[in-house]
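> One structure coming up, written as structure tokens, with questions to follow.
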Amino acid sequence: MAKRILVTGLGFITCVGNSREEVSTRLRELKSGIRKVDFLGNPDLPVKVAGNPQGFSVNSSNWRNWSYPDAYSIDRSMIRSLPPQGVYAVCGVEQALADAGLEKGELKDGATGLYCASVGSPLLLHENLSAMRAAKGERGNPMGVLCSVAGTLNFNLGSWLGIRGTNCGYVSACASGAHAIGYAMDDIALGRQKRAIVVGAEEATAESLLPFSAMRALSTCPDPARASRPFDRDRDGFVGAGGATVLILEEEEFAQARGAVPYAELAGWGQGSDGYHRASPHPEGEGLAEAMKLCLAAAGMDVSEIDHVSAHATSTSAGDKAEATAIGTVFKDRLEEVSVSSPKGLTGHSLSMAGALEAAICCLMLKEGFVLGNVNLDNVDPACSHLNLPRRSEACSLSSILNNSSGFGGSNVCNVLRRCD
Amino acid sequence: MSPLFDESSAAFQDLPEHLQDALRRYSERRSEEDLDAVIVGLLADLGADLEGEGLSDDANFIEDLGLDSLSIAEFVFFFEDVFKIKISNETLADIRTLGALKAFLKSEMK
């Protein structure tokens with residue numbers, strides 16, 4: 001019999017809160033975590049807002065200037081090899097382990113794997129390579145590689161936690177977090193691991209976000225509460241965000257043996273690619289529709305069993321239209337019954353972390369019994385008007401949620417989460 | 001005496017104030033005690049284990065102070081950057097104790 005995979009712990013370091021309770025409250029009350037930013041001290045920049053976790057100051061290239069909440073402690077010998085999002089991630093892991101009732105020492109059993117999603121640190125890559133160039137290659141920061149390249153979370157968290165099982169990272173842009181979850185599920189399903197620590201984390205700095213402005217993908221709306229508006233006719237791009245989200249996944253019997261209380265079951269996942277364009281989605285959302293179908297097949301579920309879709313909701317015109325079309329293709333005559341929403345209106349788009357954050361939010365909806373509303377949705381884009389898009393968050397007993405993620409290169413990943421009774 | 005280092009350098013500017021002060025004192029007086037204070041302050045800043053007998057000249061960076069090879073490289077590069085001296089990889093490999101580092105720095109900054 002196939003192994004059931006449960007989510008038994010969550011950690012949130014996000015612009016909508018640094019704890020499960022805070023995140024849940026803000027989502028129910030539709031309170032945005034997006035705030036004004038002053039990138040590079042340049043008031044003429046068109047991008048005026050972003051989502052940064054509060055209580056942290058880690059967007060300097062010098063770790064000595066960093067600060068984080070007193071509730072956490074990071075060894076000085078480790079912090080120098082961390083990227084900004086590594087600080088978020090360490091705090092998020094501490095929180096998720098406490099939430100799951102686990103001690104760090106328990107993760108050294110070889111049955112626990114680490115699956116990270118992050119692009120690395122553009123801030124520190126730029127800083128370190130600039131210094132190396134200035135020294136004509138004769139000098140570099142000895143911690144430069146460890147604190148900046150895409151594997152930085154695996155290097156640092158894997159050794160800190162003493163992970164002896166799987167330790168790997170995912171770099172499929174905005175689908176990375178969902179890929180990390182998917183492959184963690186496979187490792188458990190195949191019996192390679194009993195437990196997985198999934199981490200999605202990104203910095204939200206000028207270096208990490210403004211390159212998306214050069215692609216004209218970021219919103220230029222100066223109002224933090226109004227800038228992120230997925231599915232709205234008047235959206236003008238996404239709002240970048242940073243932070244860390246951590247999910248603890250455990251094989252059912254393994255979790256039950258230690259008395260863990262699950263948030264939800266991860267029932268299946270699937271992926272499908274567009275094979276179409278390096279940045280734009282397929283106009284009909286072909287790859288995403290395929291990912292949703294394969295996900296349902298993997299879970300052994302029918303569309304009739306899904307009552308909510310957690311949309312990727314890029315908040316770009318092309319992205320939202322492609323996803324709306326894909327959802328239409330999969331759900332056909334059930335579109336009225338299936339609600340569709342995304343937290344991105346409140347959280348912004350946290351890139352590699354988004355898939356992990358949104359899966360964690362699905363866990364909250366299933367466990368606590370509410371459906372998240374779509375904020376800032378004043379005039380639905382006609383291309384998305386066939387979707388059932390609730391405006392308010394409301395108490396609602398959901399049984400199963402299909403959770404979408406899409407990244408550059410037409411990479412689409414979907415997972416399905418089911419309530420545990 | 002001319003100053004031992006350039007206060008406008010990034011390596012100096014990045015330091016916390018107490019380490020900047022320790023460096024200034026060493027630059028003014030060139031005493032062994034002041035150099036010790038710089039070394040100890042920097043080791044603490046790098047997260048070295050300074051408990052117990054860690055501070056004798058025999059203290060080994062890895063075995064006694066809990067540093068790894070990257071931290072030793074950071075530590076030594078700091079002196080290169082601040083004092084504008086060159087430490088070859090061969091020399092670096094030979095500097096395994098506090099005493100060896102101090103002897104090297106003294107010979108370089110005569």
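Each chain in the structure tokens gets a letter, A, B, ..., in the order shown, and its residues are numbered from 1; ligands are numbered from 1 in order too.
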Give one line per residue of chain B that approaches chain A to at most 9 Å, naming the two atoms of the closest pair and their distance in Å to one decimal, counting only C-alpha atoms; sort by chain then ascending residue number and deliver it as CSV.

```
residue,atom,partner,partner_atom,distance
B:Asp14,CA,A:Asn62,CA,7.0
B:Leu15,CA,A:Arg64,CA,7.7
B:Pro16,CA,A:Arg64,CA,7.4
B:Ala44,CA,A:Arg76,CA,8.8
B:Asp45,CA,A:Arg76,CA,7.3
B:Leu46,CA,A:Ser77,CA,5.9
B:Gly47,CA,A:Ser77,CA,4.8
B:Ala48,CA,A:Ser77,CA,7.4
B:Leu67,CA,A:Ser77,CA,8.0
B:Leu70,CA,A:Pro142,CA,5.7
B:Ser71,CA,A:Pro142,CA,7.6
B:Ala73,CA,A:Pro142,CA,6.4
B:Glu74,CA,A:Pro142,CA,5.9
B:Phe77,CA,A:Arg139,CA,8.3
```
> What's around B:Asn60 at 10 Å? Count only C-alpha atoms, leave out sequence neighbours fewer than 5 positions away in its own chain, and write the answer as a list in words.
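In the requested format, the answer is Gly54, Leu55, Leu65, Gly66, Leu67, Ile95, Arg96, Thr97, Leu98, Gly99 and Ala100 of chain B.
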> What does the distance from atom CA of A:Phe56 to atom CA of A:Ser213 come to in Å, to one decimal?
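Computing the Euclidean distance for atom CA of A:Phe56 and atom CA of A:Ser213 yields 24.3 Å.
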> Using Å and a single decimal, report how far atom CA of A:Val413 sits from atom CA of A:Arg391.
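Between these atoms lies a distance of 25.2 Å.
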> Could you give me, as JSON lines, every stretch 22-73 of chain A residue with an atom at most 10 Å from stretch 336-353 of chain A, plus its closest atom pair and distance in Å to one decimal, counting only C-alpha atoms, rows ordered by chain then number?

```
{"residue": "A:Val23", "atom": "CA", "partner": "A:Thr347", "partner_atom": "CA", "distance": 9.8}
{"residue": "A:Arg26", "atom": "CA", "partner": "A:Leu346", "partner_atom": "CA", "distance": 8.5}
{"residue": "A:Leu27", "atom": "CA", "partner": "A:Pro343", "partner_atom": "CA", "distance": 7.5}
{"residue": "A:Leu30", "atom": "CA", "partner": "A:Leu346", "partner_atom": "CA", "distance": 6.8}
{"residue": "A:Lys31", "atom": "CA", "partner": "A:Leu346", "partner_atom": "CA", "distance": 6.5}
{"residue": "A:Ser32", "atom": "CA", "partner": "A:Leu346", "partner_atom": "CA", "distance": 4.1}
{"residue": "A:Gly33", "atom": "CA", "partner": "A:Thr347", "partner_atom": "CA", "distance": 5.7}
{"residue": "A:Ile34", "atom": "CA", "partner": "A:Thr347", "partner_atom": "CA", "distance": 6.5}
{"residue": "A:Val49", "atom": "CA", "partner": "A:Gly348", "partner_atom": "CA", "distance": 9.5}
{"residue": "A:Ala50", "atom": "CA", "partner": "A:Gly348", "partner_atom": "CA", "distance": 7.2}
{"residue": "A:Gly51", "atom": "CA", "partner": "A:Gly348", "partner_atom": "CA", "distance": 6.1}
{"residue": "A:Asn52", "atom": "CA", "partner": "A:Thr347", "partner_atom": "CA", "distance": 9.2}
```
> May I have the selected residues written with N, CA and C atoms, as a short mmCIF file (atom, residue, chain, number, x, y, z; two decimals), in the first residue's frame?

```
data_model
loop_
_atom_site.label_atom_id
_atom_site.label_comp_id
_atom_site.auth_asym_id
_atom_site.auth_seq_id
_atom_site.Cartn_x
_atom_site.Cartn_y
_atom_site.Cartn_z
N VAL A 23 0.37 34.65 10.83
CA VAL A 23 0.08 34.47 9.41
C VAL A 23 -1.41 34.16 9.23
N ARG A 26 -3.60 37.27 9.78
CA ARG A 26 -3.52 38.25 8.69
C ARG A 26 -4.23 37.75 7.44
N LEU A 27 -4.14 36.46 7.18
CA LEU A 27 -4.81 35.91 6.00
C LEU A 27 -6.33 36.01 6.15
N LEU A 30 -7.28 39.59 5.84
CA LEU A 30 -6.80 40.16 4.57
C LEU A 30 -5.92 41.39 4.78
N LYS A 31 -4.99 41.26 5.73
CA LYS A 31 -4.06 42.37 5.99
C LYS A 31 -2.75 42.13 5.25
N SER A 32 -2.44 43.04 4.37
CA SER A 32 -1.25 42.90 3.52
C SER A 32 0.04 43.02 4.34
N GLY A 33 1.05 42.28 3.90
CA GLY A 33 2.37 42.40 4.52
C GLY A 33 3.33 43.20 3.67
N ILE A 34 2.82 43.75 2.58
CA ILE A 34 3.69 44.49 1.66
C ILE A 34 3.90 45.91 2.19
N VAL A 49 7.55 49.16 -3.65
CA VAL A 49 7.06 48.29 -2.57
C VAL A 49 7.64 46.88 -2.69
N ALA A 50 7.70 46.20 -1.56
CA ALA A 50 8.15 44.80 -1.53
C ALA A 50 7.65 44.18 -0.22
N GLY A 51 7.83 42.86 -0.12
CA GLY A 51 7.42 42.16 1.10
C GLY A 51 8.64 41.63 1.84
N ASN A 52 8.97 42.24 2.95
CA ASN A 52 10.10 41.79 3.77
C ASN A 52 9.59 41.39 5.15
#
```
> Given only C-alpha atoms as the basis, pick out the residue of A:Ser406, A:Ser67, A:Asn59, A:Asn167 nearest to A:Ala196.
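When distances to A:Ala196 are compared using only C-alpha atoms, the smallest one comes from A:Asn167.
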> Would you pick out the contacts of A:Leu218 at 7 Å or less, using only C-alpha atoms, so that residues sharing its chain but fewer than 5 positions from it are not included, and give the list as a PDB file with N, CA and C atoms, in the first residue's frame?

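Written file, result-v6.pdb:
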```pdb
ATOM      1  N   PHE A 212      13.909  41.822 -12.075  1.00  0.00           N
ATOM      2  CA  PHE A 212      12.559  41.547 -12.591  1.00  0.00           C
ATOM      3  C   PHE A 212      11.894  42.833 -13.087  1.00  0.00           C
ATOM      4  N   SER A 213      12.311  43.951 -12.521  1.00  0.00           N
ATOM      5  CA  SER A 213      11.808  45.237 -13.021  1.00  0.00           C
ATOM      6  C   SER A 213      12.324  45.473 -14.438  1.00  0.00           C
ATOM      7  N   GLY A 237       1.727  43.732 -12.693  1.00  0.00           N
ATOM      8  CA  GLY A 237       2.921  42.953 -12.381  1.00  0.00           C
ATOM      9  C   GLY A 237       2.914  42.507 -10.935  1.00  0.00           C
ATOM     10  N   PHE A 238       3.958  41.745 -10.561  1.00  0.00           N
ATOM     11  CA  PHE A 238       3.966  41.216  -9.194  1.00  0.00           C
ATOM     12  C   PHE A 238       4.784  42.091  -8.257  1.00  0.00           C
ATOM     13  N   VAL A 239       4.585  41.853  -6.968  1.00  0.00           N
ATOM     14  CA  VAL A 239       5.344  42.533  -5.919  1.00  0.00           C
ATOM     15  C   VAL A 239       6.318  41.509  -5.333  1.00  0.00           C
TER      16      VAL A 239
END
```
> Run DSSP on the backbone of this structure and report the residues of stretch 104-162 of chain A it assigns to strand (DSSP E), as a count of residues only.
6
> Give me, please, the distance in Å between atom CA of B:Tyr26 and atom CA of B:Asp94, quoted to one decimal.
24.5 Å
> Ranking A:Leu157, A:Ala311, A:Ala289, A:Ala241 by minimum distance to A:Cys15 and counting only C-alpha atoms, which one comes first?
A:Ala241
> Based on DSSP run over this structure's backbone, return all residues of stretch 11-82 of chain B in alpha helix (DSSP H), as a PyMOL selection string.
chain B and resi 11-13+17-29+32-45+69-82
> What's around B:Glu17 at 12 Å? Count only C-alpha atoms, leave out sequence neighbours fewer than 4 positions away in its own chain, and write the answer as a list in words.
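Returned residues: Arg64 and Asn65 of chain A; Phe12, Gln13, Asp21, Ala22, Leu23, Arg24, Val38, Gly41, Leu42 and Asp45 of chain B.
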> Find the residues near B:Glu32: any atom within 9 Å, counting only C-alpha atoms, skip ones fewer than 4 places away on the same chain, and give them as a list of chain:residue names.
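Listing them by chain and then by number gives B:Tyr26, B:Asp36, B:Ala37, B:Lys102, B:Lys106.
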> Please determine, counting only C-alpha atoms, which residue among B:Glu33, B:Glu80, B:Asp49, B:Glu63 has the shortest atom-to-atom distance to B:Phe104.
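Looking at the shortest contact to B:Phe104, the residue is B:Glu80.
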